[in-house]
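Below: work-v4.txt (compact mmCIF, C-alpha atoms and all ligand atoms)
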# COMPACT_ATOMS: atom_id res chain seq x y z
CA MET A 834 117.67 89.29 102.63
CA LEU A 835 118.73 92.90 102.12
CA PRO A 836 116.20 95.70 102.64
CA ALA A 837 114.10 96.14 99.50
CA TYR A 838 114.19 99.11 97.13
CA ILE A 839 111.05 99.11 94.99
CA THR A 840 110.32 101.36 92.04
CA HIS A 841 109.25 101.10 88.38
CA PRO A 842 109.86 103.05 85.14
CA ASP A 843 106.09 103.31 84.62
CA CYS A 844 105.99 105.71 87.58
CA LEU A 845 107.98 108.19 85.46
CA LYS A 846 105.43 108.28 82.63
CA HIS A 847 102.62 109.80 84.69
CA THR A 848 102.76 113.57 84.35
CA MET A 849 100.28 116.30 85.23
CA GLY A 850 101.76 119.09 83.09
CA ALA A 851 105.18 120.68 82.71
CA GLN A 852 104.79 123.03 85.68
CA HIS A 853 103.21 120.56 88.08
CA PRO A 854 105.27 120.08 91.27
CA GLU A 855 104.43 116.35 91.50
CA CYS A 856 106.80 115.59 88.64
CA PRO A 857 108.68 112.49 87.45
CA GLU A 858 112.03 114.10 88.31
CA ARG A 859 111.25 113.57 92.00
CA LEU A 860 111.97 109.86 91.73
CA GLY A 861 115.20 110.38 89.79
CA ALA A 862 116.45 112.91 92.34
CA ILE A 863 115.93 110.41 95.16
CA HIS A 864 117.37 107.50 93.17
CA ASP A 865 120.51 109.48 92.25
CA MET A 866 121.09 110.57 95.82
CA LEU A 867 120.70 107.02 97.15
CA LEU A 868 123.16 105.90 94.47
CA ILE A 869 125.69 108.64 95.20
CA LYS A 870 125.52 107.98 98.93
CA GLY A 871 126.12 104.28 98.35
CA VAL A 872 122.80 103.40 99.98
CA LEU A 873 121.60 101.26 97.07
CA ASP A 874 124.62 98.97 97.60
CA PHE A 875 122.85 97.83 100.76
CA MET A 876 119.44 97.23 99.16
CA ALA A 877 117.88 94.61 96.90
CA PRO A 878 116.13 96.25 93.92
CA PHE A 879 112.68 95.16 92.77
CA ASP A 880 110.29 96.29 90.04
CA ALA A 881 106.90 97.22 91.44
CA PRO A 882 104.16 94.87 90.19
CA LEU A 883 100.69 96.07 89.18
CA ALA A 884 98.27 95.98 92.09
CA THR A 885 95.31 93.74 91.34
CA GLU A 886 91.71 94.88 91.58
CA ARG A 887 91.26 92.51 94.51
CA GLN A 888 94.18 94.15 96.34
CA LEU A 889 92.92 97.69 95.62
CA ALA A 890 89.44 96.72 96.80
CA GLN A 891 90.82 96.17 100.30
CA ALA A 892 91.07 99.96 100.57
CA HIS A 893 88.80 101.41 97.86
CA SER A 894 85.27 100.87 96.63
CA SER A 895 84.87 98.83 93.45
CA LEU A 896 82.83 101.67 92.00
CA TYR A 897 85.74 104.07 92.51
CA ILE A 898 88.29 101.67 91.00
CA HIS A 899 86.12 101.15 87.91
CA THR A 900 85.33 104.84 87.60
CA LEU A 901 89.00 105.78 87.71
CA ALA A 902 89.92 103.09 85.17
CA ALA A 903 87.17 104.37 82.86
CA LEU A 904 88.44 107.95 83.20
CA SER A 905 91.93 106.99 82.01
CA PRO A 906 92.43 108.80 78.68
CA GLN A 907 93.78 107.37 75.41
CA ASP A 908 95.72 110.62 74.98
CA GLY A 909 95.70 114.12 76.39
CA ALA A 910 94.76 114.75 80.01
CA VAL A 911 91.70 114.31 82.19
CA GLN A 912 91.28 116.50 85.26
CA VAL A 913 90.30 114.50 88.34
CA ASP A 914 90.33 117.35 90.85
CA PRO A 915 91.74 120.90 90.63
CA ASP A 916 95.25 119.64 91.52
CA THR A 917 95.17 116.17 90.02
CA SER A 918 94.98 114.91 86.45
CA MET A 919 95.56 111.73 84.50
CA ASN A 920 97.45 111.15 81.28
CA GLN A 921 97.43 107.88 79.37
CA TYR A 922 100.06 106.40 81.70
CA SER A 923 98.70 107.61 85.03
CA TYR A 924 96.45 104.66 85.80
CA GLN A 925 99.27 102.19 85.16
CA ALA A 926 101.61 104.25 87.35
CA ALA A 927 99.01 104.29 90.13
CA LEU A 928 98.72 100.51 89.92
CA ARG A 929 102.53 100.23 90.20
CA ALA A 930 102.66 102.56 93.22
CA ALA A 931 100.02 100.54 95.06
CA GLY A 932 101.61 97.29 93.87
CA ALA A 933 104.92 98.41 95.38
CA ALA A 934 103.31 98.51 98.83
CA VAL A 935 101.87 95.04 98.30
CA LEU A 936 105.21 93.60 97.17
CA ALA A 937 106.99 95.31 100.06
CA THR A 938 104.54 93.67 102.45
CA ASP A 939 105.16 90.23 100.95
CA LEU A 940 108.94 90.70 101.03
CA VAL A 941 109.02 91.91 104.63
CA LEU A 942 106.54 89.37 105.98
CA THR A 943 107.64 86.25 104.07
CA LYS A 944 111.10 86.77 102.53
CA GLY A 945 112.98 88.16 105.47
CA ALA A 946 113.57 91.69 104.23
CA ALA A 947 113.79 93.80 107.40
CA SER A 948 112.50 96.87 105.66
CA ALA A 949 111.52 98.32 102.30
CA PHE A 950 111.53 101.74 100.68
CA CYS A 951 109.10 102.34 97.81
CA ASN A 952 110.38 105.13 95.55
CA VAL A 953 107.12 105.46 93.66
CA ARG A 954 104.59 107.98 92.44
CA PRO A 955 101.77 108.97 92.28
CA PRO A 956 101.67 109.37 96.06
CA GLY A 957 98.70 108.01 97.97
CA HIS A 958 97.79 109.45 101.33
CA HIS A 959 95.13 111.89 100.06
CA ALA A 960 93.26 109.17 98.16
CA GLU A 961 90.07 108.28 100.04
CA TYR A 962 87.91 105.15 99.94
CA GLY A 963 85.97 106.54 97.02
CA ALA A 964 87.84 109.61 95.78
CA ALA A 965 91.12 110.78 94.26
CA GLY A 966 92.64 114.09 95.29
CA GLY A 967 95.79 116.00 96.18
CA PHE A 968 97.93 114.32 93.46
CA CYS A 969 96.80 110.86 94.71
CA PHE A 970 94.76 108.08 93.03
CA PHE A 971 95.15 104.93 95.11
CA ASN A 972 96.13 104.98 98.76
CA ASN A 973 99.32 102.97 98.50
CA VAL A 974 99.97 102.54 102.22
CA ALA A 975 96.34 101.65 102.97
CA VAL A 976 96.41 98.97 100.24
CA GLY A 977 99.61 97.56 101.75
CA ILE A 978 98.24 97.69 105.29
CA ARG A 979 95.05 95.86 104.36
CA HIS A 980 97.14 93.28 102.48
CA ALA A 981 99.18 92.70 105.65
CA LEU A 982 96.02 92.37 107.75
CA ASN A 983 93.66 90.53 105.43
CA VAL A 984 96.03 88.31 103.46
CA HIS A 985 98.93 87.78 105.86
CA GLY A 986 96.72 87.75 108.92
CA LEU A 987 98.53 90.34 111.01
CA GLN A 988 96.51 91.74 113.88
CA ARG A 989 98.17 95.12 114.49
CA VAL A 990 99.76 97.39 111.87
CA ALA A 991 100.82 100.98 112.57
CA LEU A 992 100.99 103.81 110.05
CA VAL A 993 103.09 106.88 110.74
CA ASP A 994 102.74 109.89 108.44
CA PHE A 995 105.15 112.84 108.62
CA ASP A 996 104.16 114.55 105.37
CA VAL A 997 103.45 118.28 105.82
CA HIS A 998 99.85 117.62 104.73
CA HIS A 999 97.40 115.58 106.73
CA GLY A 1000 96.81 112.11 105.28
CA ASN A 1001 93.06 112.57 105.00
CA GLY A 1002 92.72 109.65 102.62
CA SER A 1003 94.46 107.25 104.97
CA GLU A 1004 92.30 108.48 107.83
CA ASP A 1005 89.18 108.09 105.68
CA ILE A 1006 90.01 104.46 104.87
CA LEU A 1007 91.53 103.33 108.16
CA HIS A 1008 89.60 105.15 110.89
CA GLY A 1009 87.59 102.74 113.01
CA ASP A 1010 89.76 99.76 112.00
CA GLU A 1011 91.01 98.66 115.41
CA ARG A 1012 93.77 96.61 113.80
CA VAL A 1013 95.41 99.87 112.70
CA LEU A 1014 96.97 102.75 114.62
CA MET A 1015 97.67 105.87 112.54
CA CYS A 1016 99.98 108.54 113.95
CA SER A 1017 100.41 111.71 111.97
CA ILE A 1018 101.92 115.16 112.22
CA PHE A 1019 101.01 117.85 109.73
CA GLU A 1020 100.89 121.59 109.35
CA ASP A 1021 97.78 123.21 110.80
CA LYS A 1022 95.46 125.10 108.45
CA LEU A 1023 97.07 123.69 105.31
CA TYR A 1024 95.57 121.48 102.58
CA PRO A 1025 93.44 119.33 103.02
CA PHE A 1026 92.27 121.56 105.90
CA CYS A 1027 91.28 118.73 108.23
CA GLY A 1028 92.77 116.38 110.79
CA ASN A 1029 92.44 118.59 113.86
CA HIS A 1030 89.59 116.40 115.06
CA ALA A 1031 90.54 112.75 114.68
CA ARG A 1032 87.83 110.62 113.10
CA GLY A 1033 88.44 107.60 115.33
CA PRO A 1034 90.16 106.42 118.50
CA ASN A 1035 92.82 104.72 116.38
CA MET A 1036 94.01 108.08 115.03
CA VAL A 1037 96.70 110.21 116.71
CA ASN A 1038 96.67 113.49 114.81
CA VAL A 1039 99.02 116.29 115.80
CA ALA A 1040 98.68 119.61 113.97
CA LEU A 1041 101.83 121.75 114.10
CA PRO A 1042 101.62 125.53 113.68
CA ALA A 1043 103.19 127.01 110.55
CA ARG A 1044 106.94 127.61 110.89
CA SER A 1045 107.34 124.78 113.41
CA GLY A 1046 110.79 123.19 113.35
CA GLY A 1047 112.44 120.16 114.82
CA GLU A 1048 111.73 121.03 118.44
CA LEU A 1049 107.93 120.94 118.09
CA LEU A 1050 108.24 117.84 115.92
CA ARG A 1051 110.17 116.11 118.70
CA GLN A 1052 107.58 117.15 121.28
CA ALA A 1053 104.75 115.79 119.15
CA VAL A 1054 106.45 112.49 118.46
CA THR A 1055 107.76 111.96 121.98
CA GLY A 1056 104.62 113.13 123.74
CA ARG A 1057 101.89 111.79 121.45
CA TRP A 1058 103.13 109.20 118.94
CA LEU A 1059 105.51 107.09 120.99
CA PRO A 1060 103.21 106.37 123.98
CA ALA A 1061 100.44 105.32 121.57
CA LEU A 1062 102.81 103.14 119.54
CA GLU A 1063 104.17 101.49 122.70
CA ARG A 1064 100.66 100.63 123.86
CA PHE A 1065 99.68 99.35 120.41
CA ARG A 1066 102.70 97.04 119.96
CA PRO A 1067 102.63 97.00 116.13
CA GLN A 1068 103.61 93.85 114.25
CA LEU A 1069 104.58 95.96 111.22
CA ILE A 1070 105.00 99.71 110.67
CA PHE A 1071 104.18 101.57 107.47
CA VAL A 1072 105.56 105.04 106.87
CA SER A 1073 103.92 107.69 104.72
CA ALA A 1074 107.22 109.39 103.97
CA GLY A 1075 106.56 112.91 102.79
CA PHE A 1076 109.41 115.39 102.83
CA ASP A 1077 107.47 118.56 101.99
CA GLY A 1078 107.83 119.80 105.58
CA HIS A 1079 111.45 120.66 104.77
CA ARG A 1080 112.24 124.34 105.24
CA ASP A 1081 113.32 124.62 101.58
CA ASP A 1082 110.00 123.18 100.29
CA ASP A 1083 107.44 125.89 99.71
CA MET A 1084 104.52 123.46 99.42
CA GLY A 1085 104.23 123.90 103.18
CA ASN A 1086 105.52 126.21 105.88
CA LEU A 1087 107.26 123.90 108.32
CA ALA A 1088 110.98 124.30 108.94
CA LEU A 1089 112.25 120.74 109.14
CA VAL A 1090 115.73 119.77 107.99
CA GLU A 1091 117.45 116.50 107.08
CA ALA A 1092 118.46 115.87 110.71
CA ASP A 1093 114.79 116.00 111.72
CA TYR A 1094 113.89 113.32 109.17
CA ALA A 1095 116.79 111.23 110.43
CA TRP A 1096 115.62 111.72 114.03
CA ILE A 1097 111.99 110.79 113.39
CA THR A 1098 113.11 107.74 111.42
CA ARG A 1099 115.28 106.70 114.36
CA GLN A 1100 112.23 106.84 116.64
CA ILE A 1101 110.26 104.65 114.22
CA VAL A 1102 113.16 102.19 113.92
CA ASP A 1103 113.43 101.98 117.71
CA VAL A 1104 109.71 101.13 118.04
CA ALA A 1105 110.01 98.56 115.23
CA GLN A 1106 113.02 96.93 116.86
CA ARG A 1107 111.20 96.66 120.18
CA HIS A 1108 107.97 95.24 118.79
CA CYS A 1109 108.28 93.79 115.28
CA GLN A 1110 111.85 92.70 114.46
CA GLY A 1111 112.50 96.06 112.82
CA ARG A 1112 109.89 95.53 110.11
CA ILE A 1113 109.20 98.88 108.39
CA ILE A 1114 107.75 99.67 104.97
CA SER A 1115 108.23 103.26 103.83
CA CYS A 1116 106.36 104.70 100.86
CA LEU A 1117 107.14 108.06 99.30
CA GLU A 1118 104.40 110.67 99.60
CA GLY A 1119 105.19 114.40 99.10
CA GLY A 1120 108.37 116.45 98.75
CA TYR A 1121 108.65 118.85 95.84
CA GLU A 1122 111.89 120.81 96.14
CA LEU A 1123 114.13 118.32 94.42
CA SER A 1124 117.38 118.94 96.28
CA SER A 1125 115.93 118.89 99.81
CA LEU A 1126 113.65 115.99 98.81
CA ALA A 1127 116.63 113.89 97.73
CA ARG A 1128 118.74 114.79 100.77
CA SER A 1129 115.88 114.18 103.21
CA ALA A 1130 114.88 110.88 101.62
CA ALA A 1131 118.49 109.70 101.72
CA ALA A 1132 118.77 110.65 105.41
CA HIS A 1133 115.54 108.71 106.05
CA VAL A 1134 116.62 105.59 104.17
CA ARG A 1135 120.10 105.56 105.73
CA VAL A 1136 118.56 105.42 109.21
CA LEU A 1137 116.00 102.88 108.04
CA LEU A 1138 118.89 100.64 106.96
CA GLY A 1139 120.95 101.27 110.05
CA ILE A 1140 123.89 102.68 108.09
CA ASP A 1141 123.74 106.16 109.61
CA HIS A 1142 126.14 106.53 112.52
ZN ZN B 1 102.31 116.59 101.23

Please go through the file and, once you have read it, give me the structure as structure tokens.
Ligand SMILES: [Zn+2]
Amino acid sequence: MLPAYITHPDCLKHTMGAQHPECPERLGAIHDMLLIKGVLDFMAPFDAPLATERQLAQAHSSLYIHTLAALSPQDGAVQVDPDTSMNQYSYQAALRAAGAAVLATDLVLTKGAASAFCNVRPPGHHAEYGAAGGFCFFNNVAVGIRHALNVHGLQRVALVDFDVHHGNGSEDILHGDERVLMCSIFEDKLYPFCGNHARGPNMVNVALPARSGGELLRQAVTGRWLPALERFRPQLIFVSAGFDGHRDDDMGNLALVEADYAWITRQIVDVAQRHCQGRIISCLEGGYELSSLARSAAAHVRVLLGIDH
């Protein structure tokens, strides 16, 4: 089976205001670039299903799930945190984004898809066990990881997160779960202003100083991530794929370029090929400058598919 490409039109209906950087156009920019580059010719498209309450409850408290559902407005907007709001379509979009990670897990573990890319929003890695935040409602990768562990019975799943912001929500949900290894790089002293002190032995957090480029990224991945991943021997790798560390993206102050995203993806693919038959599930997180987002995501997916030479 071809690698899976998972998205849904509902993800375009969630908006947080005309000027908000986490905008529906992000998905279209990535989709168009994958189309132009011919990448979608090598992928099987799927509509993201709605995550069920049972699936969400693997990563979030029932109280939180019910509270968020109750907050969902009939019209207008409801502010969830200073950066995050819901319109009437947001809850449905959040269910699709989490459902994409669940479907990706099923496709990779039972249908023979080597990998999957979920072009979905809202993003997820700032969503904690009991709290939304940072443009995120449900932690898509954490829902997928727990589905792989608790439903499919995997024993070791790795999460790698190269978004410019620390995935505090993923750390909140997954720290202390010995079945999970989370490796992350992020910009130091940037939102959500944590991550320097890992909350558990299964967390490898590397804070990069502002203005870091590809060289420091390579040092962090080679020196910190790869030894931990080799020891862990993952049976499946999830990627929190945020592209807001690009030098053209002013949401952060890192200086990464497309070649850096291709390089880091190559390292992930190499680990996956050594330990888990290449099984990788990548879910979109941040990336707000549309042109560099689209170019970086395309570089990432090309390497994921093995069509970048
Ligand atoms: Zn981010």

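Between atom CA of A:Tyr962 and atom CA of A:Gly977 lies a distance of 14.1 Å.
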
Would you kindly return, as a VMD selection string, each protein, DNA or RNA residue with an atom no farther than 12 Å from any atom of A:Arg1080, considering all atoms listed in the file and excluding same-chain residues fewer than 4 positions away?
chain A and resid 997 1043 to 1047 1076 1084 to 1094 1120 to 1122 1124 to 1126 1129

Residues up to 7 Å from ligand ZN 1 (chain B), counting only C-alpha atoms and all ligand atoms: could you list those as number ranges by chain?
A: 996-998, 1075, 1077, 1118-1120

Using all atoms listed in the file, which residues sit within 12 Å of A:Arg1051 once same-chain residues fewer than 2 positions away are excluded, as a PDB file with C-alpha atoms, in the coordinates of the input?
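As written to disk, selection.pdb reads:
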ATOM      1  CA  PHE A 995     105.150 112.840 108.620  1.00  0.00           C
ATOM      2  CA  ILE A1018     101.920 115.160 112.220  1.00  0.00           C
ATOM      3  CA  VAL A1039      99.020 116.290 115.800  1.00  0.00           C
ATOM      4  CA  LEU A1041     101.830 121.750 114.100  1.00  0.00           C
ATOM      5  CA  SER A1045     107.340 124.780 113.410  1.00  0.00           C
ATOM      6  CA  GLY A1046     110.790 123.190 113.350  1.00  0.00           C
ATOM      7  CA  GLY A1047     112.440 120.160 114.820  1.00  0.00           C
ATOM      8  CA  GLU A1048     111.730 121.030 118.440  1.00  0.00           C
ATOM      9  CA  LEU A1049     107.930 120.940 118.090  1.00  0.00           C
ATOM     10  CA  ALA A1053     104.750 115.790 119.150  1.00  0.00           C
ATOM     11  CA  VAL A1054     106.450 112.490 118.460  1.00  0.00           C
ATOM     12  CA  THR A1055     107.760 111.960 121.980  1.00  0.00           C
ATOM     13  CA  GLY A1056     104.620 113.130 123.740  1.00  0.00           C
ATOM     14  CA  ARG A1057     101.890 111.790 121.450  1.00  0.00           C
ATOM     15  CA  TRP A1058     103.130 109.200 118.940  1.00  0.00           C
ATOM     16  CA  LEU A1059     105.510 107.090 120.990  1.00  0.00           C
ATOM     17  CA  LEU A1089     112.250 120.740 109.140  1.00  0.00           C
ATOM     18  CA  ALA A1092     118.460 115.870 110.710  1.00  0.00           C
ATOM     19  CA  ASP A1093     114.790 116.000 111.720  1.00  0.00           C
ATOM     20  CA  TYR A1094     113.890 113.320 109.170  1.00  0.00           C
ATOM     21  CA  ALA A1095     116.790 111.230 110.430  1.00  0.00           C
ATOM     22  CA  TRP A1096     115.620 111.720 114.030  1.00  0.00           C
ATOM     23  CA  ILE A1097     111.990 110.790 113.390  1.00  0.00           C
ATOM     24  CA  THR A1098     113.110 107.740 111.420  1.00  0.00           C
ATOM     25  CA  ARG A1099     115.280 106.700 114.360  1.00  0.00           C
ATOM     26  CA  GLN A1100     112.230 106.840 116.640  1.00  0.00           C
TER      27      GLN A1100
END

Give me the residues within 6 Å of A:Ala960 as a ChimeraX atom specification, counting all atoms listed in the file and dropping any in the same chain fewer than 3 places off.
/A:957,964-966,969-972,1002

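Atom CA of A:Ala937 sits 8.7 Å away from atom CA of A:Tyr838.
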
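Relative to atom CA of A:Ala881, atom CA of A:Gly932 is found at 5.8 Å.
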
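The smallest atom-to-atom distance between A:Ile869 and any of A:Val974, A:Val1136, A:Ala1127, A:Val984, using all atoms listed in the file, is found for A:Ala1127.
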
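Residues in contact with stretch 854-859 of chain A at up to 7 Å, not including ones fewer than 3 positions away on its chain and judged by only C-alpha atoms, are A:Leu845, A:Thr848, A:Ala862, A:Ile863, A:Tyr1121, A:Leu1123.
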
A:His864 surroundings by only C-alpha atoms, 8 Å radius, close-in-sequence under 3 positions cut, as a PyMOL selection string
chain A and resi 860-861+867-868+952+1127

Those same residues - C-alpha atoms - I'd like them written as an mmCIF file, keeping the file's coordinate frame.
data_model
loop_
_atom_site.group_PDB
_atom_site.id
_atom_site.type_symbol
_atom_site.label_atom_id
_atom_site.label_comp_id
_atom_site.auth_asym_id
_atom_site.auth_seq_id
_atom_site.Cartn_x
_atom_site.Cartn_y
_atom_site.Cartn_z
ATOM 1 C CA LEU A 860 111.970 109.860 91.730
ATOM 2 C CA GLY A 861 115.200 110.380 89.790
ATOM 3 C CA LEU A 867 120.700 107.020 97.150
ATOM 4 C CA LEU A 868 123.160 105.900 94.470
ATOM 5 C CA ASN A 952 110.380 105.130 95.550
ATOM 6 C CA ALA A 1127 116.630 113.890 97.730
#

Using all atoms listed in the file, which residues of stretch 858-945 of chain A come within 12 Å of stretch 1003-1007 of chain A, and what is the closest atom pair for each, with the distance in Å to one decimal? Give it as JSON lines, sorted by chain and residue number.
{"residue": "A:Leu889", "atom": "CA", "partner": "A:Ile1006", "partner_atom": "CA", "distance": 11.8}
{"residue": "A:Ala890", "atom": "CA", "partner": "A:Ile1006", "partner_atom": "CA", "distance": 11.2}
{"residue": "A:Gln891", "atom": "CA", "partner": "A:Ile1006", "partner_atom": "CA", "distance": 9.5}
{"residue": "A:Ala892", "atom": "CA", "partner": "A:Ile1006", "partner_atom": "CA", "distance": 6.3}
{"residue": "A:His893", "atom": "CA", "partner": "A:Ile1006", "partner_atom": "CA", "distance": 7.7}
{"residue": "A:Ser894", "atom": "CA", "partner": "A:Ile1006", "partner_atom": "CA", "distance": 10.2}

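Minimum atom-to-atom distance to A:Ala991, evaluated using all atoms listed in the file, belongs to A:Asp1010 out of A:Asp1010, A:Asp916, A:Asp874, A:Asp1141.
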
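You can rank A:Val941, A:Val911, A:Ile1101, A:Ala902 by their closest distance to A:Met834 using all atoms listed in the file, and at the top of that list sits A:Val941.
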
Sorted by chain and rising residue number, list the residues of stretch 918-1003 of chain A at most 10 Å from stretch 883-886 of chain A (counting all atoms listed in the file), each with its closest atom pair and distance in Å to one decimal, as JSON lines.
{"residue": "A:Gln925", "atom": "CA", "partner": "A:Leu883", "partner_atom": "CA", "distance": 7.5}
{"residue": "A:Ala926", "atom": "CA", "partner": "A:Leu883", "partner_atom": "CA", "distance": 8.4}
{"residue": "A:Ala927", "atom": "CA", "partner": "A:Leu883", "partner_atom": "CA", "distance": 8.4}
{"residue": "A:Leu928", "atom": "CA", "partner": "A:Leu883", "partner_atom": "CA", "distance": 4.9}
{"residue": "A:Arg929", "atom": "CA", "partner": "A:Leu883", "partner_atom": "CA", "distance": 4.7}
{"residue": "A:Ala930", "atom": "CA", "partner": "A:Leu883", "partner_atom": "CA", "distance": 7.9}
{"residue": "A:Ala931", "atom": "CA", "partner": "A:Ala884", "partner_atom": "CA", "distance": 5.7}
{"residue": "A:Gly932", "atom": "CA", "partner": "A:Ala884", "partner_atom": "CA", "distance": 4.0}
{"residue": "A:Ala933", "atom": "CA", "partner": "A:Ala884", "partner_atom": "CA", "distance": 7.8}
{"residue": "A:Ala934", "atom": "CA", "partner": "A:Ala884", "partner_atom": "CA", "distance": 8.8}
{"residue": "A:Val935", "atom": "CA", "partner": "A:Ala884", "partner_atom": "CA", "distance": 7.2}
{"residue": "A:Leu936", "atom": "CA", "partner": "A:Ala884", "partner_atom": "CA", "distance": 8.9}
{"residue": "A:Phe971", "atom": "CA", "partner": "A:Ala884", "partner_atom": "CA", "distance": 9.9}
{"residue": "A:Asn973", "atom": "CA", "partner": "A:Ala884", "partner_atom": "CA", "distance": 9.5}
{"residue": "A:Val976", "atom": "CA", "partner": "A:Ala884", "partner_atom": "CA", "distance": 8.9}
{"residue": "A:Gly977", "atom": "CA", "partner": "A:Ala884", "partner_atom": "CA", "distance": 9.9}
